[in-house]
Amino acid sequence: MSTELIVPTLGESITEATVSKWLKNIGDNFEADEPLVEIETDKITVEVPAPHAGSLKEIKVSEGIDVEIGGILGILDESKGKKPTSKKTETKEDKVKEEIKEVMVETKSSPAKSSPSARKIAEENNINIEDVTSSRSDGRINKEDVVSHLSSLNNKTINKGEREEVVKMSKIRQTISKRLKEAQNTAAILTTFNEIDMFKVMEIRKSKNQEFQSRYDVKLGFMSFFVKAVVKSLQEYPAVNAEIKDENIIYKNHFDVGIAVGTEKGLVVPILKDADKLSFGEIETKIIDLSTKAKDGTLTIDDLTGGTFTISNGGVYGSMLSTPIINRPQSGILGMHNIQKRAVVVNDEIVIRPMMYVALSYDHRIIDGKESVGFLVKVKELLEDPSELVLGI
């Protein structure tokens, strides 16, 4: 009996995917729920599991080919779900030996210790996954580990190949390009700037980090302060948290803050849902979880769906100043930058303070200059005197 392997529904806005890698060859057996093929959308990479035990009878869509949601990926033969046995009757001793052999093989290859994207890159570059060192506490090898390993190998070898290399853009990269261009063509994007004295925030982090880490098992970072400051500023300036749809303005009474994360495939923006209801510890924990999933390629559609405002931290890469592009259909994005010690005037005295430039890009069709400047000034005030953020008053 044959059944069809169908591209599953991956989200309301996703209409097609690309087959990135078949995990089984024609004739291979598999068990129920075992991953058969890896597909890539404009947002995430997912594995399509087997609906039942069987064997792969036919591949309908080859690697690198696009397929619509609901399309047929391959044909499965349900009648060949079990591995064939020899003509002689299998004894209990033979079965035990076979099970031990399978466990040994699984332990040696450790497929569960590496992400699908990590194994894919390793295979494409003829790298033994066991030679890659994990950067995670649980020993799981992610894509970033393989890329880092590959980079170290390339640094030891001078590439004498062709002067140019043509590589097809990934689905994610194509979508990033399309959406950024659409944002520039559609929205009236303007950027306003300010600078923030990070002295008091850094003092709080220095004095409270150990206690914070023992309570939440995560370090107290800058992002939780910025998320808190952004939420309070959005509450005061609701137009920055709104969007335009047709001829209407939709004001959002919820605060789902997107955190831009750079990955090897491109920029993704996982969402902190209901950020106004999260504590400092919950924000830091969720950001680490989402960043880890982004780098491992395990983000779900729900992780990326929604978002009323975005924060982008170019400072982690050393950026001093930038003009971020809004993430449509949102109307605003805050750009953080690196912190540098500079001479500034405080109470008529020149002092050395850790300063950060911040930028707010906004859609001028819905947000006026007064609102945009007021929003950014509010963020600045909250971070330069974080008592309101910490005490909630």
# chains A, B, ... in the order shown; residues from 1 in each chain; ligands from 1

call {"tool": "select_by_dssp", "arguments": {"residues": "stretch 152-340 of chain A", "states": "strand (DSSP E)", "output": "JSON, numbers by chain"}}
result
{"A": [189, 190, 191, 192, 193, 194, 195, 196, 197, 243, 244, 245, 248, 249, 250, 257, 258, 259, 261, 262, 267, 268, 271, 272, 309, 310, 311, 312, 313, 332, 333, 334, 335, 336, 339, 340]}

call {"tool": "write_last_selection", "arguments": {"atoms": "C-alpha atoms", "output": "compact mmCIF listing (two decimals), in the first residue's frame"}}
result
# COMPACT_ATOMS: atom_id res chain seq x y z
CA ILE A 189 11.16 55.65 6.56
CA LEU A 190 12.88 58.31 8.62
CA THR A 191 15.47 57.88 11.37
CA THR A 192 16.04 59.95 14.49
CA PHE A 193 19.05 59.61 16.80
CA ASN A 194 19.99 60.15 20.42
CA GLU A 195 22.64 59.01 22.88
CA ILE A 196 22.29 57.28 26.22
CA ASP A 197 24.54 57.43 29.27
CA GLU A 243 0.58 49.55 11.84
CA ILE A 244 -1.14 50.66 8.67
CA LYS A 245 -3.50 48.26 6.91
CA ASN A 248 -6.79 52.06 8.55
CA ILE A 249 -4.40 52.43 11.48
CA ILE A 250 -4.37 49.41 13.78
CA VAL A 257 8.82 42.77 20.85
CA GLY A 258 10.94 41.24 18.10
CA ILE A 259 14.64 40.69 18.82
CA VAL A 261 19.20 37.75 15.64
CA GLY A 262 21.91 37.24 13.04
CA LEU A 267 18.60 37.76 9.92
CA VAL A 268 15.63 36.33 11.80
CA ILE A 271 9.27 37.43 19.14
CA LEU A 272 9.03 38.07 22.87
CA PHE A 309 8.04 46.51 17.39
CA THR A 310 11.63 45.36 16.85
CA ILE A 311 14.96 45.90 18.61
CA SER A 312 18.20 45.37 16.67
CA ASN A 313 21.54 45.32 18.46
CA GLY A 332 9.22 51.29 14.21
CA ILE A 333 12.55 49.68 15.03
CA LEU A 334 15.13 50.64 17.64
CA GLY A 335 18.80 50.25 16.79
CA MET A 336 21.27 49.71 19.66
CA ILE A 339 29.12 51.38 24.16
CA GLN A 340 32.14 53.65 24.15

call {"tool": "residues_around", "arguments": {"residues": "A:Ser20", "least_positions_apart": "2", "cutoff": "9 Å", "atoms": "only C-alpha atoms", "output": "PyMOL selection string"}}
result
chain A and resi 18+22+37-40+45+62-65+120

call {"tool": "write_last_selection", "arguments": {"atoms": "C-alpha atoms", "output": "PDB file, in the first residue's frame"}}
result
ATOM      1  CA  THR A  18      12.441  24.291  -0.830  1.00  0.00           C
ATOM      2  CA  TRP A  22      16.552  14.099   1.620  1.00  0.00           C
ATOM      3  CA  VAL A  37      13.313  15.047   4.365  1.00  0.00           C
ATOM      4  CA  GLU A  38      14.492  18.500   5.388  1.00  0.00           C
ATOM      5  CA  ILE A  39      12.664  21.483   3.861  1.00  0.00           C
ATOM      6  CA  GLU A  40      13.499  25.164   4.061  1.00  0.00           C
ATOM      7  CA  THR A  45      14.152  24.861   8.324  1.00  0.00           C
ATOM      8  CA  SER A  62      14.532  16.723  -5.751  1.00  0.00           C
ATOM      9  CA  GLU A  63      16.875  18.719  -3.516  1.00  0.00           C
ATOM     10  CA  GLY A  64      16.959  22.430  -4.334  1.00  0.00           C
ATOM     11  CA  ILE A  65      13.506  22.392  -5.953  1.00  0.00           C
ATOM     12  CA  LYS A 120      23.904  18.988   6.438  1.00  0.00           C
TER      13      LYS A 120
END

call {"tool": "closest_residue", "arguments": {"among": "A:Leu76, A:Ala229, A:Leu389, A:Leu290", "to": "A:Leu376", "atoms": "only C-alpha atoms"}}
result
A:Ala229

call {"tool": "atom_distance", "arguments": {"atom1": "atom CA of A:Glu203", "atom2": "atom CA of A:Ser322"}}
result
26.3 Å

call {"tool": "atom_distance", "arguments": {"atom1": "atom CA of A:Lys200", "atom2": "atom CA of A:Phe226"}}
result
13.2 Å

call {"tool": "residues_around", "arguments": {"residues": "A:Thr300", "least_positions_apart": "5", "cutoff": "10 Å", "atoms": "only C-alpha atoms", "output": "number ranges by chain"}}
result
A: 10-11, 43-46, 270, 290, 293-294, 305

call {"tool": "closest_atom_pairs", "arguments": {"of": "stretch 204-308 of chain A", "to": "stretch 323-331 of chain A", "cutoff": "9 Å", "atoms": "only C-alpha atoms", "output": "Markdown table"}}
result
| residue | atom | partner | partner_atom | distance |
| --- | --- | --- | --- | --- |
| A:Ala239 | CA | A:Ser331 | CA | 8.1 |
| A:Val240 | CA | A:Ser331 | CA | 6.0 |
| A:Asn241 | CA | A:Ser331 | CA | 6.8 |
| A:Ala242 | CA | A:Ser331 | CA | 6.4 |
| A:Glu243 | CA | A:Gln330 | CA | 5.5 |
| A:Ile244 | CA | A:Pro329 | CA | 7.3 |
| A:Lys245 | CA | A:Pro329 | CA | 8.3 |
| A:Val269 | CA | A:Asn327 | CA | 8.9 |
| A:Gly307 | CA | A:Gln330 | CA | 7.5 |
| A:Thr308 | CA | A:Gln330 | CA | 5.7 |

call {"tool": "write_last_selection", "arguments": {"atoms": "N, CA and C atoms", "output": "PDB file, in the first residue's frame"}}
result
ATOM      1  N   ALA A 239       1.326  55.146  18.744  1.00  0.00           N
ATOM      2  CA  ALA A 239       1.468  55.132  17.284  1.00  0.00           C
ATOM      3  C   ALA A 239       2.706  54.350  16.860  1.00  0.00           C
ATOM      4  N   VAL A 240       3.738  54.323  17.705  1.00  0.00           N
ATOM      5  CA  VAL A 240       4.968  53.601  17.382  1.00  0.00           C
ATOM      6  C   VAL A 240       4.730  52.092  17.440  1.00  0.00           C
ATOM      7  N   ASN A 241       3.668  51.693  18.144  1.00  0.00           N
ATOM      8  CA  ASN A 241       3.326  50.275  18.284  1.00  0.00           C
ATOM      9  C   ASN A 241       2.196  49.868  17.332  1.00  0.00           C
ATOM     10  N   ALA A 242       1.843  50.760  16.417  1.00  0.00           N
ATOM     11  CA  ALA A 242       0.721  50.519  15.514  1.00  0.00           C
ATOM     12  C   ALA A 242       1.206  50.128  14.126  1.00  0.00           C
ATOM     13  N   GLU A 243       0.253  49.840  13.233  1.00  0.00           N
ATOM     14  CA  GLU A 243       0.582  49.548  11.839  1.00  0.00           C
ATOM     15  C   GLU A 243      -0.527  50.050  10.928  1.00  0.00           C
ATOM     16  N   ILE A 244      -0.179  50.228   9.671  1.00  0.00           N
ATOM     17  CA  ILE A 244      -1.142  50.661   8.666  1.00  0.00           C
ATOM     18  C   ILE A 244      -1.618  49.445   7.881  1.00  0.00           C
ATOM     19  N   LYS A 245      -2.916  49.314   7.728  1.00  0.00           N
ATOM     20  CA  LYS A 245      -3.500  48.258   6.906  1.00  0.00           C
ATOM     21  C   LYS A 245      -4.573  48.873   6.031  1.00  0.00           C
ATOM     22  N   VAL A 269      13.904  37.281  13.206  1.00  0.00           N
ATOM     23  CA  VAL A 269      13.397  38.124  14.292  1.00  0.00           C
ATOM     24  C   VAL A 269      12.400  37.336  15.141  1.00  0.00           C
ATOM     25  N   GLY A 307       4.635  40.286  16.334  1.00  0.00           N
ATOM     26  CA  GLY A 307       5.626  41.324  16.545  1.00  0.00           C
ATOM     27  C   GLY A 307       5.027  42.692  16.271  1.00  0.00           C
ATOM     28  N   THR A 308       5.115  43.575  17.250  1.00  0.00           N
ATOM     29  CA  THR A 308       4.579  44.927  17.080  1.00  0.00           C
ATOM     30  C   THR A 308       5.679  45.970  16.997  1.00  0.00           C
TER      31      THR A 308
END

call {"tool": "select_by_dssp", "arguments": {"residues": "stretch 247-298 of chain A", "states": "alpha helix (DSSP H)", "output": "list in words"}}
result
Phe280, Gly281, Glu282, Ile283, Glu284, Thr285, Lys286, Ile287, Ile288, Asp289, Leu290, Ser291, Thr292, Lys293, Ala294, Lys295 and Asp296 of chain A

call {"tool": "write_last_selection", "arguments": {"atoms": "C-alpha atoms", "output": "mmCIF file, in the first residue's frame"}}
result
data_model
loop_
_atom_site.group_PDB
_atom_site.id
_atom_site.type_symbol
_atom_site.label_atom_id
_atom_site.label_comp_id
_atom_site.auth_asym_id
_atom_site.auth_seq_id
_atom_site.Cartn_x
_atom_site.Cartn_y
_atom_site.Cartn_z
ATOM 1 C CA PHE A 280 13.830 40.916 33.843
ATOM 2 C CA GLY A 281 14.727 37.269 34.432
ATOM 3 C CA GLU A 282 12.046 35.971 32.087
ATOM 4 C CA ILE A 283 13.151 38.358 29.348
ATOM 5 C CA GLU A 284 16.805 37.324 29.579
ATOM 6 C CA THR A 285 15.908 33.625 29.688
ATOM 7 C CA LYS A 286 13.565 33.831 26.708
ATOM 8 C CA ILE A 287 16.081 35.827 24.662
ATOM 9 C CA ILE A 288 18.777 33.188 25.214
ATOM 10 C CA ASP A 289 16.343 30.392 24.351
ATOM 11 C CA LEU A 290 15.215 32.128 21.151
ATOM 12 C CA SER A 291 18.784 33.016 20.123
ATOM 13 C CA THR A 292 19.901 29.416 20.642
ATOM 14 C CA LYS A 293 16.982 28.121 18.578
ATOM 15 C CA ALA A 294 17.753 30.667 15.853
ATOM 16 C CA LYS A 295 21.374 29.540 15.602
ATOM 17 C CA ASP A 296 20.375 25.857 15.708
#

call {"tool": "closest_residue", "arguments": {"among": "A:Lys378, A:His364, A:Lys265, A:Lys24", "to": "A:Leu234", "atoms": "only C-alpha atoms"}}
result
A:Lys378

call {"tool": "atom_distance", "arguments": {"atom1": "atom CA of A:Tyr362", "atom2": "atom CA of A:Arg173"}}
result
23.3 Å

call {"tool": "closest_residue", "arguments": {"among": "A:Ala118, A:Ala188, A:Leu299, A:Ala275", "to": "A:Phe225", "atoms": "only C-alpha atoms"}}
result
A:Ala275
